[in-house]
Amino acid sequence: MNKELALKIFEGFSIERWNDLVRPFELVEMDKAAEKMVVAYIIGKYEENKGVFIDWDWMIYASLFDLLRKIALCDIKSPVQRLIKNKYPDEFLRLNEWVLNQYKDIIENPDIFARFTLYIGKTSGSIPYSDGQEQTARVFRAAHKYSTMRELDMITMVNEPIRLERIRREVNADLQSFLDLRGLQLLITRQKPFDFLMRIEQLRFQTRWNQTPRVPRTSVLGHCFFVAVLTLLFEHETDVRMCPRRKYNNYFCALFHDLPEAVTRDIISPVKQATHGLPSIVKDIEDKIVSEELVPYMEDFYKNEILYFTSDEFENRIIDSEGNIKHISFEDLNLIYNNDKFNPVDGKLVRLADHYSALLEADSSIKHGITSRHLQDGKINLLNTYPKGRIINGIDSYALFNAFNDVKQIL
């Protein structure tokens, strides 16, 4: 993990979508990536409930690599990329090689770059999928197409029908080959999972740091996805070989960590901490509202999992043999509980990624010349939170944060 890679991923907040059409609100690539992974989770859970194997590890990395490719190719519209792939396959292969070259010097971890290379090869058709990955890739692709349809639905009311007719036909045609997926069927016909998604989509309309002007503006949902991919990258900095369930839990805990805000709205940190007892009170209220307003829209086969993701989301934890959530140290997480049967989560790693995301949000706007006391104080507080020598789940947090410290007397 390095500053250059973090800033490159952060560009996803600045890439506008549908910019040749009337848009009622900002539609950016990071938000699309976030909603796509929420949809992929829903569809994937329905497939698992049917007994289908889903390679979540592949999908988690795919979410990062797909965004990196979109950032590199943002000037080429998707229909043009598809035309190149279908009509000029050799040129499409060279284009993908060019994408990899853009990141060769930025992605320093050889394992991550090797995975990225395989992803590019498999999605471009030059390398076959491994056993079980093909169905996972179909779920991921279906989520991509359906999240595109949701964006199309959102802009339909402010665009003349003639502008969208061809696009809607193409999206509907693309979805036809995925209609065997039960979760997608229920989403398209607006059943229970659609109601759940509608509540999550509210996070797309909620702006972070909403008390101050800022560039780029970031939504709560986009922030959640950014935190998820940061958590994925931070795992490689811990030098711990994490069990599959731990990596899965870390990613989706990060993706859903602000889920309660879909029904409570964002309460900024200074307000949450206005009194000593307020943080725990707010957490209790959030849990109660989630139970009443979100749980009814969740299916039984993933309800408890999501509640686990959002419960004590910033604590290292496991589920003991009696089914109780237990907070534990990073050392015990590695030495005793690094096993799928304990459902381990590096909650403190998610918190580190959450704060790192907030630092980039403040720093980026300040660097663009759009600043305020809120942003300046926020940046100072975040830098001071991670002083020299502070290690979080095996990561030198000071080194990460100090890379953005251009006013050394702060610390």
# chains A, B, ... in the order shown; residues from 1 in each chain; ligands from 1

call {"tool": "closest_atom_pairs", "arguments": {"of": "region 69-114 of chain A", "to": "region 152-170 of chain A", "cutoff": "12 Å", "atoms": "only C-alpha atoms", "output": "tab-separated table"}}
result
residue	atom	partner	partner_atom	distance
A:Ser78	CA	A:Ile167	CA	11.5
A:Pro79	CA	A:Glu170	CA	9.7
A:Arg82	CA	A:Glu170	CA	12.0

call {"tool": "residues_around", "arguments": {"residues": "Asp75 (chain A)", "least_positions_apart": "6", "cutoff": "12 Å", "atoms": "only C-alpha atoms", "output": "ChimeraX atom specification"}}
result
/A:15-17,19,69,81

call {"tool": "closest_residue", "arguments": {"among": "A:Asp174, A:Ala72, A:Tyr248, A:Thr148", "to": "Tyr41 (chain A)", "atoms": "only C-alpha atoms"}}
result
A:Tyr248

call {"tool": "atom_distance", "arguments": {"atom1": "CA of Leu27 (chain A)", "atom2": "CA of Ser177 (chain A)"}}
result
26.3 Å

call {"tool": "closest_residue", "arguments": {"among": "A:Lys104, A:Lys70, A:Lys45, A:Arg214", "to": "Glu361 (chain A)", "atoms": "only C-alpha atoms"}}
result
A:Arg214

call {"tool": "atom_distance", "arguments": {"atom1": "CA of Lys192 (chain A)", "atom2": "CA of Ile289 (chain A)"}}
result
18.5 Å

call {"tool": "select_by_dssp", "arguments": {"residues": "region 181-340 of chain A", "states": "strand (DSSP E or B)", "output": "ChimeraX atom specification"}}
result
/A:207,219,316-319,325-327

call {"tool": "write_last_selection", "arguments": {"atoms": "N, CA and C atoms", "output": "PDB file, in the first residue's frame"}}
result
ATOM      1  N   THR A 207     -24.197  12.763   1.312  1.00  0.00           N
ATOM      2  CA  THR A 207     -22.847  13.279   1.095  1.00  0.00           C
ATOM      3  C   THR A 207     -22.082  13.346   2.404  1.00  0.00           C
ATOM      4  N   SER A 219     -19.986  10.258  -1.635  1.00  0.00           N
ATOM      5  CA  SER A 219     -21.188   9.729  -0.995  1.00  0.00           C
ATOM      6  C   SER A 219     -20.797   8.729   0.084  1.00  0.00           C
ATOM      7  N   ASN A 316     -11.828  -5.888  16.636  1.00  0.00           N
ATOM      8  CA  ASN A 316     -11.396  -7.237  16.282  1.00  0.00           C
ATOM      9  C   ASN A 316     -12.296  -8.210  17.032  1.00  0.00           C
ATOM     10  N   ARG A 317     -12.870  -9.172  16.335  1.00  0.00           N
ATOM     11  CA  ARG A 317     -13.850 -10.029  17.003  1.00  0.00           C
ATOM     12  C   ARG A 317     -13.954 -11.388  16.331  1.00  0.00           C
ATOM     13  N   ILE A 318     -14.553 -12.302  17.082  1.00  0.00           N
ATOM     14  CA  ILE A 318     -14.848 -13.645  16.574  1.00  0.00           C
ATOM     15  C   ILE A 318     -16.205 -14.054  17.140  1.00  0.00           C
ATOM     16  N   ILE A 319     -16.721 -15.185  16.675  1.00  0.00           N
ATOM     17  CA  ILE A 319     -17.931 -15.774  17.264  1.00  0.00           C
ATOM     18  C   ILE A 319     -17.495 -17.056  17.963  1.00  0.00           C
ATOM     19  N   ILE A 325     -20.532 -13.011  20.277  1.00  0.00           N
ATOM     20  CA  ILE A 325     -19.474 -12.185  19.702  1.00  0.00           C
ATOM     21  C   ILE A 325     -18.477 -11.842  20.803  1.00  0.00           C
ATOM     22  N   LYS A 326     -17.198 -12.059  20.501  1.00  0.00           N
ATOM     23  CA  LYS A 326     -16.155 -11.847  21.499  1.00  0.00           C
ATOM     24  C   LYS A 326     -15.072 -10.953  20.914  1.00  0.00           C
ATOM     25  N   HIS A 327     -14.766  -9.844  21.622  1.00  0.00           N
ATOM     26  CA  HIS A 327     -13.691  -8.955  21.198  1.00  0.00           C
ATOM     27  C   HIS A 327     -12.348  -9.553  21.617  1.00  0.00           C
TER      28      HIS A 327
END

call {"tool": "residues_around", "arguments": {"residues": "region 387-401 of chain A", "least_positions_apart": "6", "cutoff": "7 Å", "atoms": "only C-alpha atoms", "output": "list in words"}}
result
Glu237, Thr238, Phe330, Lys348 and Leu349 of chain A

call {"tool": "closest_residue", "arguments": {"among": "A:Ile370, A:Ala254, A:Ile107, A:Leu352", "to": "Gly222 (chain A)", "atoms": "only C-alpha atoms"}}
result
A:Ala254

call {"tool": "select_by_dssp", "arguments": {"residues": "region 171-391 of chain A", "states": "helix (DSSP H, G or I)", "output": "number ranges by chain"}}
result
A: 171-178, 182-188, 192-205, 220-235, 244-255, 261-264, 269-272, 278-293, 295-297, 300-310, 330-335, 340-342, 347-367, 373-385

call {"tool": "residues_around", "arguments": {"residues": "Asn381 (chain A)", "least_positions_apart": "2", "cutoff": "12 Å", "atoms": "only C-alpha atoms", "output": "PyMOL selection string"}}
result
chain A and resi 269-270+355-356+358-359+362+373-379+383-387+401+405+410-411

call {"tool": "residues_around", "arguments": {"residues": "Ser124 (chain A)", "least_positions_apart": "2", "cutoff": "8 Å", "atoms": "only C-alpha atoms", "output": "list of chain:residue names"}}
result
A:Lys85, A:Phe92, A:Leu93, A:Asn96, A:Ile120, A:Gly121, A:Lys122, A:Ser126, A:Ile127

call {"tool": "residues_around", "arguments": {"residues": "Tyr129 (chain A)", "least_positions_apart": "5", "cutoff": "12 Å", "atoms": "only C-alpha atoms", "output": "VMD selection string"}}
result
chain A and resid 55 58 118 to 124 134 to 138

call {"tool": "write_last_selection", "arguments": {"atoms": "N, CA, C and O atoms", "output": "mmCIF file, in the first residue's frame"}}
result
data_model
loop_
_atom_site.group_PDB
_atom_site.id
_atom_site.type_symbol
_atom_site.label_atom_id
_atom_site.label_comp_id
_atom_site.auth_asym_id
_atom_site.auth_seq_id
_atom_site.Cartn_x
_atom_site.Cartn_y
_atom_site.Cartn_z
ATOM 1 N N ASP A 55 -16.926 -18.073 -5.527
ATOM 2 C CA ASP A 55 -15.541 -17.790 -5.168
ATOM 3 C C ASP A 55 -15.457 -16.312 -4.734
ATOM 4 O O ASP A 55 -15.130 -15.424 -5.531
ATOM 5 N N TRP A 58 -12.161 -14.357 -5.336
ATOM 6 C CA TRP A 58 -12.000 -13.853 -6.693
ATOM 7 C C TRP A 58 -12.833 -12.590 -6.897
ATOM 8 O O TRP A 58 -12.360 -11.597 -7.453
ATOM 9 N N LEU A 118 -3.932 -11.836 -13.946
ATOM 10 C CA LEU A 118 -4.843 -12.957 -14.203
ATOM 11 C C LEU A 118 -6.266 -12.469 -14.444
ATOM 12 O O LEU A 118 -6.973 -12.986 -15.318
ATOM 13 N N TYR A 119 -6.689 -11.486 -13.665
ATOM 14 C CA TYR A 119 -8.047 -10.944 -13.833
ATOM 15 C C TYR A 119 -8.213 -10.356 -15.237
ATOM 16 O O TYR A 119 -9.204 -10.632 -15.925
ATOM 17 N N ILE A 120 -7.250 -9.556 -15.655
ATOM 18 C CA ILE A 120 -7.312 -8.961 -16.989
ATOM 19 C C ILE A 120 -7.350 -10.056 -18.052
ATOM 20 O O ILE A 120 -8.137 -9.993 -19.014
ATOM 21 N N GLY A 121 -6.532 -11.083 -17.876
ATOM 22 C CA GLY A 121 -6.501 -12.172 -18.846
ATOM 23 C C GLY A 121 -7.804 -12.939 -18.920
ATOM 24 O O GLY A 121 -8.297 -13.272 -20.005
ATOM 25 N N LYS A 122 -8.396 -13.212 -17.755
ATOM 26 C CA LYS A 122 -9.635 -13.996 -17.725
ATOM 27 C C LYS A 122 -10.821 -13.203 -18.251
ATOM 28 O O LYS A 122 -11.648 -13.719 -18.997
ATOM 29 N N THR A 123 -10.931 -11.949 -17.873
ATOM 30 C CA THR A 123 -12.079 -11.153 -18.317
ATOM 31 C C THR A 123 -11.966 -10.728 -19.775
ATOM 32 O O THR A 123 -12.972 -10.414 -20.408
ATOM 33 N N SER A 124 -10.745 -10.750 -20.316
ATOM 34 C CA SER A 124 -10.583 -10.422 -21.740
ATOM 35 C C SER A 124 -10.679 -11.658 -22.618
ATOM 36 O O SER A 124 -10.712 -11.559 -23.852
ATOM 37 N N GLU A 134 -16.195 -19.361 -13.050
ATOM 38 C CA GLU A 134 -17.032 -18.904 -14.159
ATOM 39 C C GLU A 134 -18.407 -18.458 -13.676
ATOM 40 O O GLU A 134 -18.919 -17.424 -14.104
ATOM 41 N N GLN A 135 -19.025 -19.242 -12.763
ATOM 42 C CA GLN A 135 -20.326 -18.846 -12.231
ATOM 43 C C GLN A 135 -20.186 -17.595 -11.364
ATOM 44 O O GLN A 135 -21.064 -16.732 -11.377
ATOM 45 N N THR A 136 -19.098 -17.489 -10.636
ATOM 46 C CA THR A 136 -18.849 -16.287 -9.839
ATOM 47 C C THR A 136 -18.722 -15.070 -10.741
ATOM 48 O O THR A 136 -19.268 -13.998 -10.444
ATOM 49 N N ALA A 137 -18.013 -15.227 -11.852
ATOM 50 C CA ALA A 137 -17.856 -14.135 -12.809
ATOM 51 C C ALA A 137 -19.201 -13.744 -13.414
ATOM 52 O O ALA A 137 -19.449 -12.559 -13.685
ATOM 53 N N ARG A 138 -20.087 -14.728 -13.604
ATOM 54 C CA ARG A 138 -21.425 -14.421 -14.123
ATOM 55 C C ARG A 138 -22.216 -13.586 -13.105
ATOM 56 O O ARG A 138 -22.923 -12.646 -13.482
#

call {"tool": "atom_distance", "arguments": {"atom1": "CA of Ile188 (chain A)", "atom2": "CA of Tyr46 (chain A)"}}
result
14.1 Å
